[in-house]
Structures are given as C-alpha cells and as structure tokens.
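**Student:** Dropping a structure here in structure tokens format, bear with me for questions.
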Amino acid sequence: MATTLAPVPQVTTHAVQREARGWTSWITTTDHKRIGIMYMVTTFAFFCLGGVEALLMRLQLGAPDNTLVTPQTYNQLFTMHGSTMVFLFVVPMMAGLANYFVPLMIGARDMAFPRLNALSYWLLLAGGIVFYASIFWNPPEAGWTSYPPLSSSAFTPAGGQDAWIYLIHLTGISSILGAINFYATIANMRARGMSWGRLPLFIWGILTYSVLIIFAMPVIAAAVTMLLTDRHFGTHFFDPANGGSPVLWQNLFWFFGHPEVYIMILPGFGVVSEILPVFARKPIFGYKAIAAATVAIAFLGFLTWAHHMFTAPIPEAVLVFVMLSSFLIAVPTGVKILNWIATLWRGTVEFKTPLLFSAGFIALFLIGGISGVFLAVFPVDWQLNETYFVVAHLHFVLVGGSVMTIFAAIYYWFPKITGRMLSEGLGKLSFWLMFVGILATFLIQHVIGLDGLPRRVYEYDNVGNLELYNQISTVGSFILGLGVLVTIVNVARSLKLGVIAGPDPWKANTLEWFTSSPPPANNFDTVPQVRSVEPMKDIRREVERRTGAAAPVSGAVVPAGATQVGL
Amino acid sequence: MGHLVSATLAFFTPQSGGSSNADQIDSLYKITLVIALVIFALVEAALLYALIKFRARKGAVPALIRGNTRLEVGWTVGAAVVLLALAIVTFAKLSSIQNPPNSSAEGDKLAGGGGLLYASSERKLPPDGKSLNIKVIGRQYIWQYVYPGASEPDGLGAPYSYEEMVVPTHTTVTLDIVSSDVVHSWWVPKLGGKFQAVPGYHNYTWFKVEKPGIYRGQCAALCGRGHARMIATVKAVPPAQFDQWLEYQKKELSEANQQAKAERAKLNSQTGAGQVENP
C-alpha cells in the first residue's frame, strides 16, 4: 500500500475508544449499526418462522382433501404467515438495512435520534413477542386483512385477534418512529456537497418509504383501535346491526394496505438501483427519472387503495377512478424496470451474487407487475380477485420483488457489516434454487386461480388438474425454502471463514465503502466532500491521480490507524 | 387439434361458457393477456440480451451513459399509451359485462319487474325491466336463495333453497346479494365475476344461462373455519321445468305452513296458549 507516498485519500479509521462488548452492550446500544444488525437478525428469524408456516400450508395443499392440519389451524397458519411477513419481516427488514446504511451512505456518524432509534427496535421486538405469544393460546385466524365482522368478538372471541391488533400497534409505532428518524437524518445530516440531486437512490427509496409510513401507518392504527374498542368496549364502528360499516374497515385497511405495498418494495428498488451500476461498471441510467418515479409511485400509491375492493359494494365511479389510477402507477414502475435494463446495456456485467439477485428481481418482479395490470382492470378482477391468481401476483411482487432485493442487499452489504465476503459458490446456488423455486411455486398458482380455486381454503376437490398444479407449487416451495437455507448456511460459515473483504470489495459508488469493514463506532473520521452521485468513484480517481497508480484493489485491508486524509 | 388449442387456452384464461358476462370478461382478459405477453416477452428478452451480450469480458469497456432523455420520454409515453388503449377497450366492453340483456323469447315468463324488494341506483336491470330476481343470502357456511313468489303480502312465504340455486335457461337472472353474518363472496366462475356479500349492504350481479347444466362455485371471501366448504351451485333447467320446480316448492312450503298452523292450533287448544296475546 502506498501509505508512505503523498497523502492518499483512503479509508481512514482508528479505534477512538474501546468498543463495548457483551450482551448488555447490545441491549443498551444506540449505535445505528448495532441496532441495524439487531433489526436484520430479528426480522430474518421471523422470516424463517413465516416460511415454516408457508411450507406447512403447502404441505396441507399438496393433496386434495388433505387432513394434515385442521381448518382452524390452517386459518391460523395463513393469518400468522401474512402478518409475519408484512409486519415482522419485509417492512422492519427494510428499516434494518436503512438503519445500518442510511448514515453510512450519506456520510453521517449516526441517526438523528439514536435513542429513539433503539426504542423503534425494542417496540418491534415487543410486537413480535406479543404476536407470537398467542400461539400458546389461540392464534388469530381472520387473515392478515382481518375483515370484520369475522374479526369481531362475536365471530372470533379468542384473544389471538387482540394479539394481532397489538402487533399492528407496536410495529406501527416502531415504524413511525423509525420513519421520522430516517427522514430527519436524511434531511439534515448529509455530507457536504450531497445535494438532493446527489442522494444515492437507496436513500431516495428510504426517504419515500419513510414518508409513506408517516402518512399510512396512523390510518391502520386508528382502524385497529376501532376494532379493539368494538371487540371490548361496546362500540359499533364496524357492526352493521348498530349502524357500523364493515366496508369502512375495508377502506381504512387498504388506504394503509396499498401504500404498504410500496413501503415494502421502494427500498428494494433503491437496493437494486445501487447494485446494478456497481456490477455493470456503468452509471445508473436516468438517475433523475428513477428518483422522480419513486416519488410519483409514492404519491399515486395513495390513490389506488380501492382496487382491493372491486367486488365490495362500492359505486361505479370509484371502480373507474381506481382502475385508471392503478394504470397510472404502472407507468413509473415500468419506467424503472426499463431504466435498470438500460443500466446493464453496454456495461460490463460481472455475475456476482448481488447482481444475480438484482437481475432475478427484475425478471420476477416484471411478472408481478404485469399480473397487477390484469387485476387493475376491474371486470377482469371480478374473476381473479380472492383467488390463487392474486396469491401468485402478490408473491411475485413480495417474494420475487422484496425478498429478492433483500437477498441482493445481504450479499452486497454482508462484507461491509462483517468485514468478510460471503461464498460466491453458495450464493449462486442459493440464487438459482430460490429463482427456480419462486417460478415453480407461484407461476402455476395463476392457473390454479383461473381454474376457480379461491385462496384461504384448507382443502379442495380434485377437479381438473388441481392436484397436479398444487403439487408443483408445493415442490417449488420446498426448493425455495432450500435456497433460503443455503444462504443461512453461507452466512453462518462466512462469519468465521469468509475471505477478508476490505473496505471496498466491489469498487462501489457510495460512501459506506469509504470506511473500513465493519465500520468503527463513529463511522468516519473524515467525511469527504461529495461532488457527484458516485462519490467513491471520484475518490478512487483522486487516489489514482495523486499516486499515479491504480487505487488499492479490492480485498485490500487497511490497518487501523493508517493514514488519515480527507479530500 | 382444435381441442388441444382450446385446452391450452383454457389453461391461461378464466372460466367462461355459462353466461355472456363471463364470456365478455374472458375476452377482455384475453386482450389484456395478448398485450401483457408481448410486453413481457420484449422486456425479458431485453434483460436477457443485456445480461448475456454485455457480460464482463477481457478488454470490454463499459460505456459512460447516464441517460437519454428522448428515449426515457419515449418509453414513458409508450407505456401510458398502451395502458390508455387498455382502458378504452375496457370501457368498450363494460356495458356488455355490467348490463343484463333481455330474457330470450323462450325464457321464463315468470321473470317480471315484480318481486323486487329493493330499488337501487347500482342495480342493473335488462332494457325491458324484466328479470327473475333472486335474493342470495350468505351465512356461515351455506348460501341461501330466496325466489320471487311470496304467498303472503308481507313478502313471507317465498320459496327458497340452500346451496343449489335452480334457475330457468334463456332467462335473465338478477341477484341481490346480502349477508346475515360476516363478509362472504358470491362466485360461480362460469356465470361471471364475484361479488361480496356484506352485512348491511346490497350487492348486485346478473347472469343468463343458455345451456342447461350444473355450474359450480364457492364462497370466495374468508368467512371462517368452514369457508372451504361453503359451496355454491347453480342448476339451470328449461323454463317449464323451473316453473314446475318452483310451484312444487311453493306447494311444499304452503303445505308445511298449513301443517304447522294446524299443529300450532292443536297445541294452543290443548295448552290454552294463544288465547291471550303474549302468553
């Protein structure tokens, strides 16, 4: 390393103070990186629980008229599965990634409100514990949408429904506090020179994620509070016998529920927008268009909620309006997909695992996006709504979409978080298993839905080819599960055995790669001036200019206490 | 060969063939499917081409392109135009899906404007205003159907059936969908789309079956533990047979009512109950 030559603007860190160790240091921490790790580990554990619930359902459906689980257990399984994946995995996993990487990517030393940040995490964990405690009594069984009157005390008296309500409350407060924190951090703590036009696209994703949470979460908080008082304090918000309205719940739920979809996918869009340019070695195509599309999607996301209610008793004017607004939101989404492909175009694409997951995401999310257009055409939706076609659609969006981007993020950022690389071989194996698994599980479900099988049924008659189709789906789900397992093994193995990553193994573009891996408690000793949307590229060029040599190659380890030079 | 093609097509399309609204939805779906498949193939091909053609090779230099305004505006407008076209097609098809036609000449003569218990702006009637109106009541976990022909002036005594709805062919049947407990969803795929049965609300749809036969469906909205077994079937029979069936139902019902009345009278005379109001 050319540390003895002219000052090299390289990664500069040294131990400022001894890092706290032991389990108490984790409980008392306000370090955004530790909180981020706790978020990610916790949510991944819930992802595994939700996955096991999914596999049990697929086992039950593997044969017609199966009796593996009772109807009650089956209803509990899909309620737990849906609620877990939405409230305890995808949304907080994105918060975990954001916790770790927002300060690093904008050149800040922590979040704006570190203690509030810790509170967000502990509220999330509390929500998860309250919810999962219900499995020892009576788990909820009214679906993750919990439509009253089914979820009212008259039809579901058991306490599991209340555990579900508290899950929404606790994770909701957690998300809102987190979102305010992200917004404040991004708005106020960016490095010098990082104007809005130089904000990394992942940060744009988190910014809109935060705004969506701040507007959407209070609505569901109000709705579940009304449900709670209906259940226990004699109010009649959703009780038709006393002037209440079950359709009101549907409106409130989906006014939150549809923005929630974008809460779950926009950060993933951001992850992919970071990864593709790095591995294509080419700038992102149409930075402004992608950032603008993100904001447009967030706005339009609030106008489309009633497309979940096309079969409810609602006026025709609403049907037409919501069909058109749903069409409209397809435009910025489609624009992004084309921008990503154009980013690869004429680049030099390196097939590392993060790139594979990102490309796989584009291929799979496209399917979910296109099937979404079918569902937006409301007369067609009258046939497809509440069937396996919808199950297929939402899983292509959430598994082919969100989960693929989360795995891309894991493979991309694991070296930064742990200082070690994940195995490429296992990573690629995991990708192909998951990719094939997703296609096998969910493609055929479109057909199952078209053949007339509603969702949320614990058994079905073997009419036509339903048995065969369901078996294909079940086999696919286990391939998918195996793919996830390979990544778990990969992570466990690489924590000890992985190749040392060095500060910038991918030669990436954004500031988190400016510091060592893992970053020290204060992140940066010196925060460089940001001159473009790709600050690390500028820094590497500057190093080259000053040393007359290529910048330190990937894998280089910068010893603690090495030269410290700001640009 | 033709059979194989239709079987393959059926694999990719919703069910149809029972009622014209289902057929029209099917054809709207197929138009959407064609547009979708073209876009799907183009985009996936572009992705695959980019990944293979531009993979890292020795000596390959990535192009330094940050965007292309003309191209980006182009595909934004392009996407909007495709969706606009789909919206126009949908509006063109809408009336054939939503608006019931008149019953055919050979349809049931019972179908009339009468028997309607409710008036609503959302309910669609055939141009001549005549249909056989059946009330569909969802309850955990069985569908009940109430037919017109109440024997008593207050609407009571109307013939009804559970699970299997009997309807005349060639006759426009309008449905008035309600629920007595939780949210259900009425759905017989070959007879058109599904509609929620929500307590406190009325939802409406219609169908007109040309071919006699049994059309199967089931509740489509989670309604509790018995949801999977909440079956709905529609049995379409020639109008004469339907009239006969309905008359039989009425007769049975009225006989049962008479019998019950007699039983009650007998019981009352024995116990002395019924002599006073509110015993």
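Letters A, B, ... go to the chains of the structure tokens in the order shown; residues in each chain start at 1; ligands are counted from 1 in the same order.
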Using only C-alpha atoms, select each residue of chain B with any atom at most 7 Å away from an atom of chain A, and give the selection as a ChimeraX atom specification.
**Tutor:** /B:11-15,25,29,32,36,44,47,50-51,54-56,60-67,76,79-80,83,182-183,189,192-196,199-203,220-225,227-228
**Student:** Considering only C-alpha atoms, tabulate each residue of stretch 184-206 of chain A that lies at most 12 Å from stretch 91-95 of chain A along with its nearest interatomic pair and the corresponding distance in Å to one decimal; arrange the rows by chain and ascending residue number and present them as a tab-separated table.
**Tutor:**
residue	atom	partner	partner_atom	distance
A:Phe202	CA	A:Met94	CA	10.6
A:Ile203	CA	A:Met94	CA	11.5
A:Gly205	CA	A:Met94	CA	10.0
A:Ile206	CA	A:Met94	CA	8.2
**Student:** Could you take the residues named above and write them with C-alpha atoms, as a PDB file, in the first residue's frame?
**Tutor:**
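Result file follows (result-v9.pdb):
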ATOM      1  CA  PHE A 202     -31.322   3.701  -1.965  1.00  0.00           C
ATOM      2  CA  ILE A 203     -31.638   6.830   0.167  1.00  0.00           C
ATOM      3  CA  GLY A 205     -36.104   4.782  -1.588  1.00  0.00           C
ATOM      4  CA  ILE A 206     -35.823   5.074   2.207  1.00  0.00           C
TER       5      ILE A 206
END
**Student:** For the atom pair atom CA of A:Val278 and atom CA of A:Arg541, what is the interatomic distance in Å to one decimal place?
**Tutor:**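 Separating atom CA of A:Val278 from atom CA of A:Arg541 is a distance of 15.3 Å.
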**Student:** Give me, as a VMD selection string, all polymer residues having an atom no more than 9 Å from stretch 101-111 of chain B, counting only C-alpha atoms and skipping those fewer than 2 positions away in the same chain.
**Tutor:** chain B and resid 96 99 113 to 115 125 to 133 148 168 to 173 208 238 to 240 242 to 243
**Student:** Take atom CA of B:Val81 and atom CA of B:Gln98 and report the distance between them in Å, one decimal.
**Tutor:** 25.4 Å
**Student:** Do you know which residues are at most 6 Å from B:Ser179 counting only C-alpha atoms, after dropping those on the same chain fewer than 2 positions away, and could you put them as a VMD selection string?
**Tutor:** chain B and resid 137 to 138 181 197 to 199
**Student:** Just the helix (DSSP H, G or I) stuff from stretch 41-180 of chain B, please, per backbone DSSP, written as an mmCIF file with N, CA and C atoms, in the first residue's frame.
**Tutor:**
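Saved file out.cif follows:
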data_model
loop_
_atom_site.group_PDB
_atom_site.id
_atom_site.type_symbol
_atom_site.label_atom_id
_atom_site.label_comp_id
_atom_site.auth_asym_id
_atom_site.auth_seq_id
_atom_site.Cartn_x
_atom_site.Cartn_y
_atom_site.Cartn_z
ATOM 1 N N ALA B 41 -42.552 -10.517 -23.080
ATOM 2 C CA ALA B 41 -41.513 -11.120 -23.914
ATOM 3 C C ALA B 41 -40.458 -10.085 -24.299
ATOM 4 N N LEU B 42 -40.900 -8.901 -24.672
ATOM 5 C CA LEU B 42 -39.950 -7.861 -25.089
ATOM 6 C C LEU B 42 -39.010 -7.484 -23.949
ATOM 7 N N VAL B 43 -39.588 -7.246 -22.759
ATOM 8 C CA VAL B 43 -38.764 -6.772 -21.648
ATOM 9 C C VAL B 43 -37.828 -7.866 -21.152
ATOM 10 N N GLU B 44 -38.361 -9.103 -21.007
ATOM 11 C CA GLU B 44 -37.490 -10.196 -20.550
ATOM 12 C C GLU B 44 -36.384 -10.454 -21.567
ATOM 13 N N ALA B 45 -36.713 -10.347 -22.855
ATOM 14 C CA ALA B 45 -35.702 -10.561 -23.893
ATOM 15 C C ALA B 45 -34.626 -9.484 -23.803
ATOM 16 N N ALA B 46 -35.057 -8.237 -23.593
ATOM 17 C CA ALA B 46 -34.083 -7.148 -23.470
ATOM 18 C C ALA B 46 -33.171 -7.380 -22.269
ATOM 19 N N LEU B 47 -33.764 -7.827 -21.158
ATOM 20 C CA LEU B 47 -32.982 -8.093 -19.947
ATOM 21 C C LEU B 47 -31.955 -9.194 -20.203
ATOM 22 N N LEU B 48 -32.440 -10.295 -20.792
ATOM 23 C CA LEU B 48 -31.571 -11.438 -21.053
ATOM 24 C C LEU B 48 -30.463 -11.061 -22.032
ATOM 25 N N TYR B 49 -30.857 -10.323 -23.057
ATOM 26 C CA TYR B 49 -29.867 -9.893 -24.057
ATOM 27 C C TYR B 49 -28.791 -9.031 -23.399
ATOM 28 N N ALA B 50 -29.223 -8.086 -22.556
ATOM 29 C CA ALA B 50 -28.264 -7.193 -21.901
ATOM 30 C C ALA B 50 -27.314 -7.987 -21.015
ATOM 31 N N LEU B 51 -27.858 -8.989 -20.307
ATOM 32 C CA LEU B 51 -27.033 -9.754 -19.380
ATOM 33 C C LEU B 51 -26.004 -10.600 -20.132
ATOM 34 N N ILE B 52 -26.429 -11.184 -21.255
ATOM 35 C CA ILE B 52 -25.529 -12.091 -21.969
ATOM 36 C C ILE B 52 -24.556 -11.308 -22.849
ATOM 37 N N LYS B 53 -25.118 -10.400 -23.604
ATOM 38 C CA LYS B 53 -24.307 -9.660 -24.578
ATOM 39 C C LYS B 53 -23.266 -8.778 -23.883
ATOM 40 N N THR B 69 -32.655 11.409 -22.584
ATOM 41 C CA THR B 69 -33.964 11.997 -22.306
ATOM 42 C C THR B 69 -35.008 11.588 -23.336
ATOM 43 N N ARG B 70 -34.598 11.594 -24.611
ATOM 44 C CA ARG B 70 -35.571 11.288 -25.650
ATOM 45 C C ARG B 70 -36.103 9.852 -25.490
ATOM 46 N N LEU B 71 -35.181 8.940 -25.221
ATOM 47 C CA LEU B 71 -35.573 7.538 -25.033
ATOM 48 C C LEU B 71 -36.483 7.390 -23.815
ATOM 49 N N GLU B 72 -36.112 8.080 -22.737
ATOM 50 C CA GLU B 72 -36.881 7.926 -21.498
ATOM 51 C C GLU B 72 -38.284 8.517 -21.629
ATOM 52 N N VAL B 73 -38.369 9.680 -22.253
ATOM 53 C CA VAL B 73 -39.697 10.255 -22.500
ATOM 54 C C VAL B 73 -40.483 9.315 -23.406
ATOM 55 N N GLY B 74 -39.785 8.759 -24.380
ATOM 56 C CA GLY B 74 -40.426 7.844 -25.332
ATOM 57 C C GLY B 74 -41.068 6.654 -24.650
ATOM 58 N N TRP B 75 -40.317 5.971 -23.776
ATOM 59 C CA TRP B 75 -40.932 4.774 -23.196
ATOM 60 C C TRP B 75 -41.949 5.107 -22.107
ATOM 61 N N THR B 76 -41.820 6.287 -21.505
ATOM 62 C CA THR B 76 -42.861 6.702 -20.561
ATOM 63 C C THR B 76 -44.179 6.922 -21.304
ATOM 64 N N VAL B 77 -44.091 7.664 -22.416
ATOM 65 C CA VAL B 77 -45.295 7.907 -23.214
ATOM 66 C C VAL B 77 -45.818 6.590 -23.786
ATOM 67 N N GLY B 78 -44.892 5.742 -24.232
ATOM 68 C CA GLY B 78 -45.286 4.437 -24.788
ATOM 69 C C GLY B 78 -46.095 3.620 -23.792
ATOM 70 N N ALA B 79 -45.590 3.543 -22.545
ATOM 71 C CA ALA B 79 -46.298 2.784 -21.510
ATOM 72 C C ALA B 79 -47.678 3.374 -21.267
ATOM 73 N N ALA B 80 -47.729 4.708 -21.231
ATOM 74 C CA ALA B 80 -49.015 5.370 -20.976
ATOM 75 C C ALA B 80 -49.999 5.084 -22.107
ATOM 76 N N VAL B 81 -49.513 5.078 -23.340
ATOM 77 C CA VAL B 81 -50.391 4.832 -24.484
ATOM 78 C C VAL B 81 -50.968 3.414 -24.449
ATOM 79 N N VAL B 82 -50.116 2.438 -24.122
ATOM 80 C CA VAL B 82 -50.592 1.050 -24.043
ATOM 81 C C VAL B 82 -51.706 0.944 -23.002
ATOM 82 N N LEU B 83 -51.499 1.581 -21.839
ATOM 83 C CA LEU B 83 -52.490 1.489 -20.770
ATOM 84 C C LEU B 83 -53.766 2.243 -21.131
ATOM 85 N N LEU B 84 -53.589 3.359 -21.857
ATOM 86 C CA LEU B 84 -54.754 4.114 -22.307
ATOM 87 C C LEU B 84 -55.592 3.247 -23.251
ATOM 88 N N ALA B 85 -54.899 2.540 -24.146
ATOM 89 C CA ALA B 85 -55.603 1.657 -25.077
ATOM 90 C C ALA B 85 -56.376 0.590 -24.304
ATOM 91 N N LEU B 86 -55.735 0.027 -23.278
ATOM 92 C CA LEU B 86 -56.407 -0.998 -22.478
ATOM 93 C C LEU B 86 -57.626 -0.424 -21.761
ATOM 94 N N ALA B 87 -57.503 0.817 -21.293
ATOM 95 C CA ALA B 87 -58.644 1.463 -20.634
ATOM 96 C C ALA B 87 -59.793 1.636 -21.628
ATOM 97 N N ILE B 88 -59.467 2.038 -22.865
ATOM 98 C CA ILE B 88 -60.514 2.240 -23.868
ATOM 99 C C ILE B 88 -61.212 0.921 -24.185
ATOM 100 N N VAL B 89 -60.427 -0.149 -24.342
ATOM 101 C CA VAL B 89 -61.024 -1.465 -24.598
ATOM 102 C C VAL B 89 -61.949 -1.851 -23.444
ATOM 103 N N THR B 90 -61.486 -1.604 -22.221
ATOM 104 C CA THR B 90 -62.299 -1.953 -21.051
ATOM 105 C C THR B 90 -63.632 -1.203 -21.070
ATOM 106 N N PHE B 91 -63.571 0.108 -21.358
ATOM 107 C CA PHE B 91 -64.807 0.885 -21.385
ATOM 108 C C PHE B 91 -65.733 0.389 -22.490
ATOM 109 N N ALA B 92 -65.133 -0.020 -23.623
ATOM 110 C CA ALA B 92 -65.956 -0.523 -24.727
ATOM 111 C C ALA B 92 -66.673 -1.803 -24.333
ATOM 112 N N LYS B 93 -66.018 -2.623 -23.506
ATOM 113 C CA LYS B 93 -66.587 -3.919 -23.123
ATOM 114 C C LYS B 93 -67.538 -3.800 -21.932
ATOM 115 N N LEU B 94 -67.446 -2.674 -21.225
ATOM 116 C CA LEU B 94 -68.050 -2.591 -19.906
ATOM 117 C C LEU B 94 -69.550 -2.877 -19.893
ATOM 118 N N SER B 95 -70.263 -2.274 -20.862
ATOM 119 C CA SER B 95 -71.717 -2.403 -20.785
ATOM 120 C C SER B 95 -72.151 -3.847 -21.012
ATOM 121 N N SER B 96 -71.422 -4.584 -21.866
ATOM 122 C CA SER B 96 -71.805 -5.981 -22.111
ATOM 123 C C SER B 96 -71.547 -6.856 -20.892
ATOM 124 N N ILE B 97 -70.660 -6.388 -19.997
ATOM 125 C CA ILE B 97 -70.373 -7.158 -18.784
ATOM 126 C C ILE B 97 -71.330 -6.759 -17.661
ATOM 127 N N GLN B 98 -71.595 -5.460 -17.582
ATOM 128 C CA GLN B 98 -72.364 -4.968 -16.446
ATOM 129 C C GLN B 98 -73.871 -5.000 -16.665
#
**Student:** A:Ala133, A:Thr441, A:Leu266, A:Gly427: which is nearest A:Arg493, counting only C-alpha atoms?
**Tutor:** A:Gly427
**Student:** With only C-alpha atoms as the counted atoms, please give the residues lying no more than 7 Å from stretch 428-440 of chain A, apart from itself and same-chain residues fewer than 3 positions off, as a list of chain:residue names.
**Tutor:** A:Thr353, A:Phe357, A:Gly360, A:Gly400, A:Glu424, A:Gly425, A:Leu443, A:Ile444, A:Ile472, A:Ser473, A:Gly476, A:Ser477, A:Ile479, A:Leu480, A:Leu482, A:Gly483, A:Val484, A:Val486, A:Thr487
**Student:** Do a neighbour search on A:Tyr39 at 10 Å with only C-alpha atoms, toss out local chain neighbours closer than 6 positions, and write the hits as a ChimeraX atom specification.
**Tutor:** /A:33,45,88-89,92-100,118,120-122,124-125
**Student:** Can you tell me, as a PyMOL selection string, what residues are no more than 8 Å from B:Tyr147 when counting only C-alpha atoms, ignoring any on the same chain fewer than 2 positions away?
**Tutor:** chain B and resi 133-135+145+149+158-160
**Student:** Export, as an mmCIF file, in the first residue's frame, the selected residues with C-alpha atoms.
**Tutor:**
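Generated file (out_33.cif):
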data_model
loop_
_atom_site.group_PDB
_atom_site.id
_atom_site.type_symbol
_atom_site.label_atom_id
_atom_site.label_comp_id
_atom_site.auth_asym_id
_atom_site.auth_seq_id
_atom_site.Cartn_x
_atom_site.Cartn_y
_atom_site.Cartn_z
ATOM 1 C CA ASN B 133 -84.705 -11.627 -9.192
ATOM 2 C CA ILE B 134 -83.220 -13.999 -6.643
ATOM 3 C CA LYS B 135 -82.010 -12.917 -3.252
ATOM 4 C CA TYR B 145 -81.505 -18.373 -2.198
ATOM 5 C CA GLY B 149 -93.419 -15.596 -5.394
ATOM 6 C CA ALA B 158 -91.308 -17.047 -0.665
ATOM 7 C CA PRO B 159 -89.810 -20.280 -1.937
ATOM 8 C CA TYR B 160 -86.155 -20.774 -1.064
#
**Student:** Calculate how many Å separate atom CA of A:Phe396 from atom CA of B:Gln218, rounding to one decimal.
**Tutor:**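 These atoms are spaced 25.6 Å apart.
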**Student:** Between A:Trp249, A:Gly481, A:Val295, A:Met404, single out the one closest to A:Leu49, counting only C-alpha atoms.
**Tutor:**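 Among the listed residues, the smallest separation from A:Leu49 belongs to A:Gly481.
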